[in-house]
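A.B. asks: The structure's right below; bear with me while I get my questions together.
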Amino acid sequence: MRTTWLSGAEWLAVLRIGLGLWWLESWRHKDRKGWFERGTGIAWAADVAGRHRWGVVRTGFRRVVEPRPKLIAYVVVYAELALGLGLVTGFLTPVALVAGLLLNLLYLVLMIHDWAEQGQNAMMALISLVALFAMAWQTWSLDAAFGLFR
């Protein structure tokens with residue numbers, strides 16, 4: 001494979017790190033006080049899920065999220081931080097890529113009618129797939145340094 005400036009593996013590392021920075025920005029701009037103390041993030045998601053045209057989304061939200069809104073708020077917010085750190089440092093990269101892909105797909109399904117957010121979720125999911133199948137942890141990563149996921 002011919003590339004400009006960097007090797008193919010290095011460009012994949014750039015893609016992985018960029019995706020990690022995207023997750024970190026998603027975490028950074030969240031109003032954590034609102035999410036944790038006032039429940040704003042889960043309340044917004046409850047409104048979206050409650051009006052969703054797919055019954056499975058409404059039912060799933062009622063069964064999984066509504067009984068434990070504070071726990072889910074912490075899971076969502078700190079999952080974004082963990083994904084960002086894992087991808088930027090290249091630590092447990094395949095796990096972070098799969099988890100990020102699943103979280104983006106969950107966001108995509110929940111917000112299927114909100115096209116303002118869909119581009120971001122679709123692109124992050126696509127980058128996750130490319131980085132996962134191209135094994136983007138082989139360069140500039142703690143996984144490579146520790147000999148993980150060869």
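Chain labels A, B, ... are given in the sequence in which chains occur in the structure tokens; within each chain residues are numbered consecutively from 1, and ligands are likewise numbered from 1 in the order shown.
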May I have the residues within 6 Å of A:Gly90 as a ChimeraX atom specification, using only C-alpha atoms and disregarding those fewer than 2 positions away in the same chain?
C.D. replies: /A:86-88,93,137,141-143
A.B. asks: Kindly provide the residues of stretch 13-39 of chain A that approach stretch 116-133 of chain A to within 12 Å, each paired with its closest atom pair and their distance in Å to one decimal, based on only C-alpha atoms, listed by chain and increasing number, as a tab-separated table.
C.D. replies:
```
residue	atom	partner	partner_atom	distance
A:Ala13	CA	A:Ala131	CA	8.3
A:Val14	CA	A:Ala131	CA	10.0
A:Leu15	CA	A:Ala131	CA	7.3
A:Arg16	CA	A:Ala131	CA	6.3
A:Ile17	CA	A:Ala131	CA	10.1
A:Gly18	CA	A:Ile127	CA	9.5
A:Leu19	CA	A:Met124	CA	6.9
A:Gly20	CA	A:Met124	CA	9.8
A:Leu21	CA	A:Met124	CA	11.2
A:Trp22	CA	A:Met124	CA	8.4
A:Trp23	CA	A:Met124	CA	9.0
A:Ser26	CA	A:Gln120	CA	10.7
```
A.B. asks: Write a file of the just-selected residues containing N, CA, C and O atoms, as a CSV table (one decimal), in the first residue's frame.
C.D. replies:
```csv
chain,number,residue,atom,x,y,z
A,13,ALA,N,-3.4,4.6,12.9
A,13,ALA,CA,-3.3,5.1,14.3
A,13,ALA,C,-3.8,6.5,14.4
A,13,ALA,O,-4.4,6.9,15.4
A,14,VAL,N,-3.6,7.3,13.4
A,14,VAL,CA,-4.1,8.7,13.4
A,14,VAL,C,-5.6,8.7,13.4
A,14,VAL,O,-6.3,9.4,14.2
A,15,LEU,N,-6.2,7.8,12.6
A,15,LEU,CA,-7.7,7.6,12.6
A,15,LEU,C,-8.2,7.2,14.0
A,15,LEU,O,-9.2,7.7,14.5
A,16,ARG,N,-7.5,6.2,14.6
A,16,ARG,CA,-7.9,5.7,15.9
A,16,ARG,C,-7.8,6.8,17.0
A,16,ARG,O,-8.7,7.0,17.8
A,17,ILE,N,-6.7,7.6,16.9
A,17,ILE,CA,-6.5,8.6,17.9
A,17,ILE,C,-7.5,9.7,17.7
A,17,ILE,O,-8.1,10.3,18.6
A,18,GLY,N,-7.8,10.1,16.4
A,18,GLY,CA,-8.8,11.1,16.1
A,18,GLY,C,-10.2,10.7,16.7
A,18,GLY,O,-10.9,11.5,17.2
A,19,LEU,N,-10.5,9.4,16.5
A,19,LEU,CA,-11.8,8.9,17.1
A,19,LEU,C,-11.8,9.0,18.6
A,19,LEU,O,-12.8,9.4,19.2
A,20,GLY,N,-10.7,8.7,19.2
A,20,GLY,CA,-10.6,8.8,20.6
A,20,GLY,C,-10.7,10.3,21.1
A,20,GLY,O,-11.4,10.5,22.1
A,21,LEU,N,-10.1,11.2,20.4
A,21,LEU,CA,-10.3,12.6,20.7
A,21,LEU,C,-11.8,13.1,20.5
A,21,LEU,O,-12.3,13.9,21.3
A,22,TRP,N,-12.4,12.5,19.5
A,22,TRP,CA,-13.9,12.8,19.3
A,22,TRP,C,-14.7,12.3,20.6
A,22,TRP,O,-15.6,13.0,21.0
A,23,TRP,N,-14.4,11.1,21.1
A,23,TRP,CA,-15.1,10.6,22.3
A,23,TRP,C,-14.7,11.5,23.5
A,23,TRP,O,-15.6,11.8,24.3
A,26,SER,N,-16.8,14.6,23.3
A,26,SER,CA,-18.1,14.3,23.7
A,26,SER,C,-18.3,14.3,25.2
A,26,SER,O,-19.3,14.8,25.7
```
A.B. asks: Would you kindly return, as a PyMOL selection string, each protein, DNA or RNA residue with an atom no farther than 12 Å from any atom of A:Trp54, considering only C-alpha atoms and excluding same-chain residues fewer than 6 positions away?
C.D. replies: chain A and resi 48+60-61+109-113
A.B. asks: In Å, with one decimal, what is the gap from atom CA of A:Gly39 to atom CA of A:Leu83?
C.D. replies: 22.0 Å
A.B. asks: Give me the residues near A:Trp35 as a ChimeraX atom specification, where near means some atom within 9 Å (using only C-alpha atoms) and where sequence neighbours in that chain fewer than 6 positions away do not count.
C.D. replies: /A:41-43,70,73-74,77
A.B. asks: For a quick check of understanding, using only C-alpha atoms, which of A:Ala45, A:Leu71, A:Val64, A:Leu6 has the smallest distance to A:Thr139?
C.D. replies: A:Leu6
A.B. asks: DSSP on the backbone: which residues in chain A end up as helix (DSSP H, G or I)? Give the answer as an MDAnalysis selection string.
C.D. replies: chainID A and resid 8:28 32:38 40:50 55:65 69:89 93:110 115:133 142:146
A.B. asks: Please provide the set of residues having any atom within 9 Å of A:Glu80, restricted to only C-alpha atoms, with same-chain residues fewer than 5 positions apart removed, written as a list in words.
C.D. replies: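 Listing them by chain and then by number gives Trp23, Leu24, Glu25, Ser26, Trp27, Val75, Leu85, Gly100 and Leu103 of chain A.
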A.B. asks: Would you save the residues of that selection, restricted to all heavy atoms, as a compact mmCIF listing (two decimals), in the first residue's frame?
C.D. replies:
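Result file part07.txt:
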```txt
# COMPACT_ATOMS: atom_id res chain seq x y z
N TRP A 23 -14.38 11.12 21.07
CA TRP A 23 -15.06 10.64 22.28
C TRP A 23 -14.73 11.52 23.47
O TRP A 23 -15.60 11.83 24.30
CB TRP A 23 -14.69 9.18 22.59
CG TRP A 23 -15.47 8.18 21.80
CD1 TRP A 23 -14.98 7.30 20.87
CD2 TRP A 23 -16.88 7.93 21.87
NE1 TRP A 23 -16.00 6.54 20.36
CE2 TRP A 23 -17.17 6.89 20.96
CE3 TRP A 23 -17.92 8.47 22.61
CZ2 TRP A 23 -18.46 6.40 20.78
CZ3 TRP A 23 -19.21 7.97 22.43
CH2 TRP A 23 -19.46 6.95 21.52
N LEU A 24 -13.48 11.93 23.59
CA LEU A 24 -13.10 12.81 24.71
C LEU A 24 -13.82 14.15 24.63
O LEU A 24 -14.22 14.72 25.65
CB LEU A 24 -11.58 13.01 24.75
CG LEU A 24 -10.78 11.81 25.21
CD1 LEU A 24 -9.28 12.08 25.09
CD2 LEU A 24 -11.13 11.41 26.65
N GLU A 25 -13.99 14.67 23.43
CA GLU A 25 -14.74 15.93 23.27
C GLU A 25 -16.20 15.72 23.64
O GLU A 25 -16.82 16.60 24.27
CB GLU A 25 -14.61 16.46 21.84
CG GLU A 25 -15.44 17.69 21.56
CD GLU A 25 -15.18 18.87 22.48
OE1 GLU A 25 -14.12 18.95 23.12
OE2 GLU A 25 -16.08 19.75 22.57
N SER A 26 -16.76 14.58 23.29
CA SER A 26 -18.14 14.29 23.66
C SER A 26 -18.28 14.26 25.19
O SER A 26 -19.26 14.77 25.75
CB SER A 26 -18.56 12.94 23.06
OG SER A 26 -19.90 12.66 23.36
N TRP A 27 -17.29 13.69 25.86
CA TRP A 27 -17.29 13.65 27.32
C TRP A 27 -17.07 15.06 27.89
O TRP A 27 -17.76 15.47 28.82
CB TRP A 27 -16.18 12.71 27.82
CG TRP A 27 -16.02 12.76 29.30
CD1 TRP A 27 -16.80 12.13 30.23
CD2 TRP A 27 -15.04 13.49 30.03
NE1 TRP A 27 -16.35 12.43 31.49
CE2 TRP A 27 -15.27 13.26 31.38
CE3 TRP A 27 -13.97 14.31 29.66
CZ2 TRP A 27 -14.48 13.82 32.39
CZ3 TRP A 27 -13.19 14.87 30.65
CH2 TRP A 27 -13.45 14.62 32.00
N VAL A 75 -22.84 5.55 33.66
CA VAL A 75 -22.31 4.61 32.66
C VAL A 75 -22.08 5.32 31.34
O VAL A 75 -21.01 5.19 30.72
CB VAL A 75 -23.26 3.40 32.49
CG1 VAL A 75 -22.89 2.58 31.26
CG2 VAL A 75 -23.24 2.52 33.73
N LEU A 85 -10.04 7.69 26.21
CA LEU A 85 -8.71 7.40 26.75
C LEU A 85 -8.14 6.11 26.16
O LEU A 85 -6.96 6.05 25.82
CB LEU A 85 -8.77 7.31 28.27
CG LEU A 85 -9.06 8.62 29.01
CD1 LEU A 85 -9.24 8.36 30.50
CD2 LEU A 85 -7.96 9.63 28.75
N GLY A 100 -17.41 1.25 21.57
CA GLY A 100 -17.77 2.50 20.93
C GLY A 100 -18.74 2.29 19.78
O GLY A 100 -19.69 3.06 19.60
N LEU A 103 -22.11 1.64 21.33
CA LEU A 103 -22.69 2.86 21.89
C LEU A 103 -23.19 3.77 20.77
O LEU A 103 -24.28 4.34 20.86
CB LEU A 103 -21.67 3.58 22.77
CG LEU A 103 -22.18 4.74 23.62
CD1 LEU A 103 -23.36 4.33 24.49
CD2 LEU A 103 -21.06 5.29 24.48
```
A.B. asks: Quote the spacing between atom CA of A:Arg28 and atom CA of A:Leu81 in Å to one decimal place.
C.D. replies: 8.2 Å
A.B. asks: What is the atom CA of A:Trp44-atom CA of A:Arg63 distance in Å, reported with one decimal?
C.D. replies: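 Those two atoms sit 16.6 Å apart.
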